[in-house]
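Participant: Just dropping this structure here.
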Amino acid sequence: MKEISLHILDLAQNSIRAGAKTVAIALCEDRQSDTFTVTIEDDGTGMSKELAAAVLSPFVTTRTTRKVGLGIPLFAAGCENCEGSFTLESTPGKGTKMVGTYRLSHIDRPPLGAIWDTIVLLIQANPLLRFCYTHTLDGQGYALDTSEVRTILGEVPLDTPEVTSFLTEFIRNNEQELREVPKP
């Protein structure tokens with residue numbers, strides 16, 4: 001995939017298909033250590049040790065609509081090809097945690113892309129789930145938790161156009177502010 005945000009969309013969809021009620025997505029950029037880390041954690045059905053080890057193969061999937069699953073293998077390969085790493089931890093009945101790290105300055109590291117569109121699309125398509133999104137750059141950052149948004153909005157659904165427009169602008173503005181963080 002051409003952008004990290006598209007990998008995030010695909011991997012978060014795995015969490016949703018696994019019955020997650022909460023999906024946490026965290027981005028951590030550290031220019032000092034030259035790392036860009038993507039963490040996706042859910043409280044879905046989880047996987048056995050055997051399945052967790054096997055999903056790195058594109059020929060293993062739990063989907064019945066096709067016989068290949070490329071999301072996890074492509075993400076893992078992308079991280080490793082950019083002098084990074086990938087780990088997957090999963091416990092049946094508890095959930096799954098995936099951590100992919102890229103070397104931040106690697107010439108082949110994909111750009112983040114329009115992460116605001118990715119996060120808002122996930123929320124809009126799954127308004128009853130809890131999404132926790134954080135992004136830090138050199139220790140400075142911001143967070144969005146849909147449970148907090150629900151508390152503030154009361155009965156207003158998260159998938160209404162006004163709410164999705166607000167969330168898009170909130171994330172876009174915060175992303176822009178992060179780009180203005182001076183280098184250490």
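Here, A, B, ... name the chains of the structure tokens in the order displayed, residue numbers run from 1 inside each chain, and ligands are numbered from 1 in the same displayed order.
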Step one, run DSSP on the backbone; step two, keep only residues of region 4-124 of chain A assigned to alpha helix (DSSP H); then write them as a ChimeraX atom specification.
Facilitator: /A:4-17,49-54,71-81,115-124
Participant: If we count only C-alpha atoms, what is near Gly46 (chain A) at a cut-off of 8 Å, once residues fewer than 5 positions away on the same chain are taken out, given as a PyMOL selection string?
Facilitator: chain A and resi 18+90-96
Participant: Could you take the residues named above and write them with N, CA and C atoms, as a JSON list (two decimals), in the first residue's frame?
Facilitator:
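Output file out-v6.json follows:
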```
[["chain", "number", "residue", "atom", "x", "y", "z"],
["A", 18, "ALA", "N", -13.04, -9.13, 14.04],
["A", 18, "ALA", "CA", -12.78, -10.03, 15.16],
["A", 18, "ALA", "C", -13.66, -9.70, 16.36],
["A", 90, "SER", "N", -1.29, -12.04, 20.59],
["A", 90, "SER", "CA", -2.72, -12.27, 20.62],
["A", 90, "SER", "C", -3.06, -13.34, 21.65],
["A", 91, "THR", "N", -4.17, -13.13, 22.32],
["A", 91, "THR", "CA", -4.66, -14.09, 23.30],
["A", 91, "THR", "C", -6.13, -14.37, 23.00],
["A", 92, "PRO", "N", -6.47, -15.64, 22.80],
["A", 92, "PRO", "CA", -7.87, -15.96, 22.54],
["A", 92, "PRO", "C", -8.78, -15.41, 23.64],
["A", 93, "GLY", "N", -9.86, -14.74, 23.23],
["A", 93, "GLY", "CA", -10.81, -14.18, 24.17],
["A", 93, "GLY", "C", -10.41, -12.85, 24.76],
["A", 94, "LYS", "N", -9.19, -12.38, 24.48],
["A", 94, "LYS", "CA", -8.71, -11.11, 25.06],
["A", 94, "LYS", "C", -8.41, -10.05, 24.02],
["A", 95, "GLY", "N", -7.89, -10.45, 22.87],
["A", 95, "GLY", "CA", -7.59, -9.47, 21.84],
["A", 95, "GLY", "C", -6.22, -9.63, 21.22],
["A", 96, "THR", "N", -5.87, -8.65, 20.40],
["A", 96, "THR", "CA", -4.65, -8.70, 19.60],
["A", 96, "THR", "C", -3.95, -7.35, 19.64]]
```
Participant: Could you name the residues that touch His106 (chain A) at 10 Å or less, counting only C-alpha atoms, but leaving out those on the same chain fewer than 2 positions away, as a count of residues only?
Facilitator: 12
Participant: Step one, run DSSP on the backbone; step two, keep only residues of chain A assigned to strand (DSSP E or B); then write them as a ChimeraX atom specification.
Facilitator: /A:22-30,35-42,85-91,95-103,130-137,140-145
Participant: Expressed in Å to a single decimal, how great is the separation between CA of Glu89 (chain A) and CA of Glu175 (chain A)?
Facilitator: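 Going from CA of Glu89 (chain A) over to CA of Glu175 (chain A) covers 28.6 Å.
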Participant: Using only C-alpha atoms, what does the table of region 18-62 of chain A residues within 12 Å of region 115-118 of chain A look like, with each row giving the shortest atom pair and its distance in Å to one decimal, sorted by chain and ascending number, as JSON lines?
Facilitator:
```
{"residue": "A:Ile25", "atom": "CA", "partner": "A:Ile115", "partner_atom": "CA", "distance": 10.9}
{"residue": "A:Ala26", "atom": "CA", "partner": "A:Ile115", "partner_atom": "CA", "distance": 11.5}
{"residue": "A:Leu27", "atom": "CA", "partner": "A:Ile115", "partner_atom": "CA", "distance": 10.3}
```
Participant: Identify which of the residues A:Gly113, A:Pro184, A:Pro161, A:Gly44 lies closest to Leu9 (chain A), counting only C-alpha atoms when measuring atom-to-atom distances.
Facilitator: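 Answer, going by the shortest atom-to-atom distance: A:Gly113.
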Participant: Could you pull the residues within 7 Å of Thr101 (chain A), counting only C-alpha atoms, minus those fewer than 5 positions along the same chain, as a list in words?
Facilitator: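 Once the adjacent positions are removed, what remains is Thr35, Phe36, Thr37, Val38, Cys79, Gly84, Ser85 and Phe86 of chain A.
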Participant: Could you save the residues just selected, with all heavy atoms, as a PDB file, in the first residue's frame?
Facilitator:
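Heads up, here's the output in out33.pdb:
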```pdb
ATOM      1  N   THR A  35      12.614   6.575  14.593  1.00  0.00           N
ATOM      2  CA  THR A  35      11.597   5.527  14.503  1.00  0.00           C
ATOM      3  C   THR A  35      10.205   6.110  14.292  1.00  0.00           C
ATOM      4  O   THR A  35       9.890   7.200  14.763  1.00  0.00           O
ATOM      5  CB  THR A  35      11.564   4.651  15.766  1.00  0.00           C
ATOM      6  OG1 THR A  35      11.342   5.478  16.913  1.00  0.00           O
ATOM      7  CG2 THR A  35      12.837   3.856  15.933  1.00  0.00           C
ATOM      8  N   PHE A  36       9.406   5.356  13.570  1.00  0.00           N
ATOM      9  CA  PHE A  36       7.985   5.648  13.362  1.00  0.00           C
ATOM     10  C   PHE A  36       7.269   4.355  13.721  1.00  0.00           C
ATOM     11  O   PHE A  36       7.410   3.349  13.022  1.00  0.00           O
ATOM     12  CB  PHE A  36       7.720   6.029  11.907  1.00  0.00           C
ATOM     13  CG  PHE A  36       6.312   6.479  11.631  1.00  0.00           C
ATOM     14  CD1 PHE A  36       6.052   7.808  11.348  1.00  0.00           C
ATOM     15  CD2 PHE A  36       5.249   5.592  11.653  1.00  0.00           C
ATOM     16  CE1 PHE A  36       4.754   8.238  11.080  1.00  0.00           C
ATOM     17  CE2 PHE A  36       3.948   6.010  11.390  1.00  0.00           C
ATOM     18  CZ  PHE A  36       3.707   7.340  11.111  1.00  0.00           C
ATOM     19  N   THR A  37       6.516   4.373  14.826  1.00  0.00           N
ATOM     20  CA  THR A  37       5.886   3.165  15.331  1.00  0.00           C
ATOM     21  C   THR A  37       4.367   3.258  15.222  1.00  0.00           C
ATOM     22  O   THR A  37       3.776   4.268  15.593  1.00  0.00           O
ATOM     23  CB  THR A  37       6.289   2.920  16.804  1.00  0.00           C
ATOM     24  OG1 THR A  37       7.712   2.851  16.878  1.00  0.00           O
ATOM     25  CG2 THR A  37       5.688   1.630  17.330  1.00  0.00           C
ATOM     26  N   VAL A  38       3.769   2.202  14.692  1.00  0.00           N
ATOM     27  CA  VAL A  38       2.322   2.080  14.565  1.00  0.00           C
ATOM     28  C   VAL A  38       1.889   0.930  15.470  1.00  0.00           C
ATOM     29  O   VAL A  38       2.392  -0.191  15.326  1.00  0.00           O
ATOM     30  CB  VAL A  38       1.904   1.757  13.114  1.00  0.00           C
ATOM     31  CG1 VAL A  38       0.401   1.558  13.013  1.00  0.00           C
ATOM     32  CG2 VAL A  38       2.388   2.836  12.153  1.00  0.00           C
ATOM     33  N   CYS A  79       7.420  -2.777   7.071  1.00  0.00           N
ATOM     34  CA  CYS A  79       8.202  -2.328   8.231  1.00  0.00           C
ATOM     35  C   CYS A  79       9.615  -2.891   8.174  1.00  0.00           C
ATOM     36  O   CYS A  79      10.595  -2.151   8.330  1.00  0.00           O
ATOM     37  CB  CYS A  79       7.525  -2.768   9.534  1.00  0.00           C
ATOM     38  SG  CYS A  79       5.948  -1.961   9.865  1.00  0.00           S
ATOM     39  N   GLY A  84      12.912  -1.780  10.005  1.00  0.00           N
ATOM     40  CA  GLY A  84      12.092  -1.775  11.212  1.00  0.00           C
ATOM     41  C   GLY A  84      11.769  -3.186  11.636  1.00  0.00           C
ATOM     42  O   GLY A  84      12.492  -4.139  11.322  1.00  0.00           O
ATOM     43  N   SER A  85      10.654  -3.318  12.339  1.00  0.00           N
ATOM     44  CA  SER A  85      10.269  -4.621  12.862  1.00  0.00           C
ATOM     45  C   SER A  85       8.755  -4.713  12.965  1.00  0.00           C
ATOM     46  O   SER A  85       8.046  -3.702  12.860  1.00  0.00           O
ATOM     47  CB  SER A  85      10.894  -4.828  14.239  1.00  0.00           C
ATOM     48  OG  SER A  85      10.411  -3.835  15.146  1.00  0.00           O
ATOM     49  N   PHE A  86       8.282  -5.923  13.200  1.00  0.00           N
ATOM     50  CA  PHE A  86       6.852  -6.169  13.381  1.00  0.00           C
ATOM     51  C   PHE A  86       6.672  -7.236  14.445  1.00  0.00           C
ATOM     52  O   PHE A  86       7.378  -8.245  14.435  1.00  0.00           O
ATOM     53  CB  PHE A  86       6.216  -6.643  12.066  1.00  0.00           C
ATOM     54  CG  PHE A  86       4.765  -7.010  12.219  1.00  0.00           C
ATOM     55  CD1 PHE A  86       3.788  -6.024  12.237  1.00  0.00           C
ATOM     56  CD2 PHE A  86       4.376  -8.332  12.387  1.00  0.00           C
ATOM     57  CE1 PHE A  86       2.450  -6.361  12.398  1.00  0.00           C
ATOM     58  CE2 PHE A  86       3.042  -8.678  12.540  1.00  0.00           C
ATOM     59  CZ  PHE A  86       2.080  -7.685  12.547  1.00  0.00           C
TER      60      PHE A  86
END
```
Participant: Could you check how far CA of Ala76 (chain A) sits from CA of Ile4 (chain A), in Å to one decimal?
Facilitator: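 Calculated distance between CA of Ala76 (chain A) and CA of Ile4 (chain A) is 11.6 Å.
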Participant: For a quick check of understanding, using only C-alpha atoms, which of A:Leu56, A:Val99, A:Ala77, A:Ile40 has the smallest distance to Ile16 (chain A)?
Facilitator: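 Smallest distance to Ile16 (chain A) is found for A:Ile40.
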Participant: Which residue is closest to Leu137 (chain A)? Choose from A:Glu50, A:Asp10, A:Asp159, A:Glu29 and count only C-alpha atoms.
Facilitator: A:Glu29
Participant: Which residue is closest to Asp43 (chain A)? Choose from A:Leu158, A:Glu180, A:Ala24, A:Asp30 and count only C-alpha atoms.
Facilitator: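 Among the listed residues, the smallest separation from Asp43 (chain A) belongs to A:Ala24.
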Participant: Residues at most 12 Å from Ser165 (chain A), counting only C-alpha atoms, excluding those fewer than 3 positions away in the same chain, as a list in words?
Facilitator: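 Using only C-alpha atoms, the neighbours found are Trp116, Asp117, Ile119, Val120, Leu121, Ile123, Gln124, Leu158, Asp159, Thr160, Pro161, Glu162, Thr168, Glu169, Phe170, Ile171 and Arg172 of chain A.
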Participant: For Val181 (chain A), please output as a count of residues only all residues within 8 Å (counting only C-alpha atoms; exclusion window: fewer than 3 positions along the same chain).
Facilitator: 4
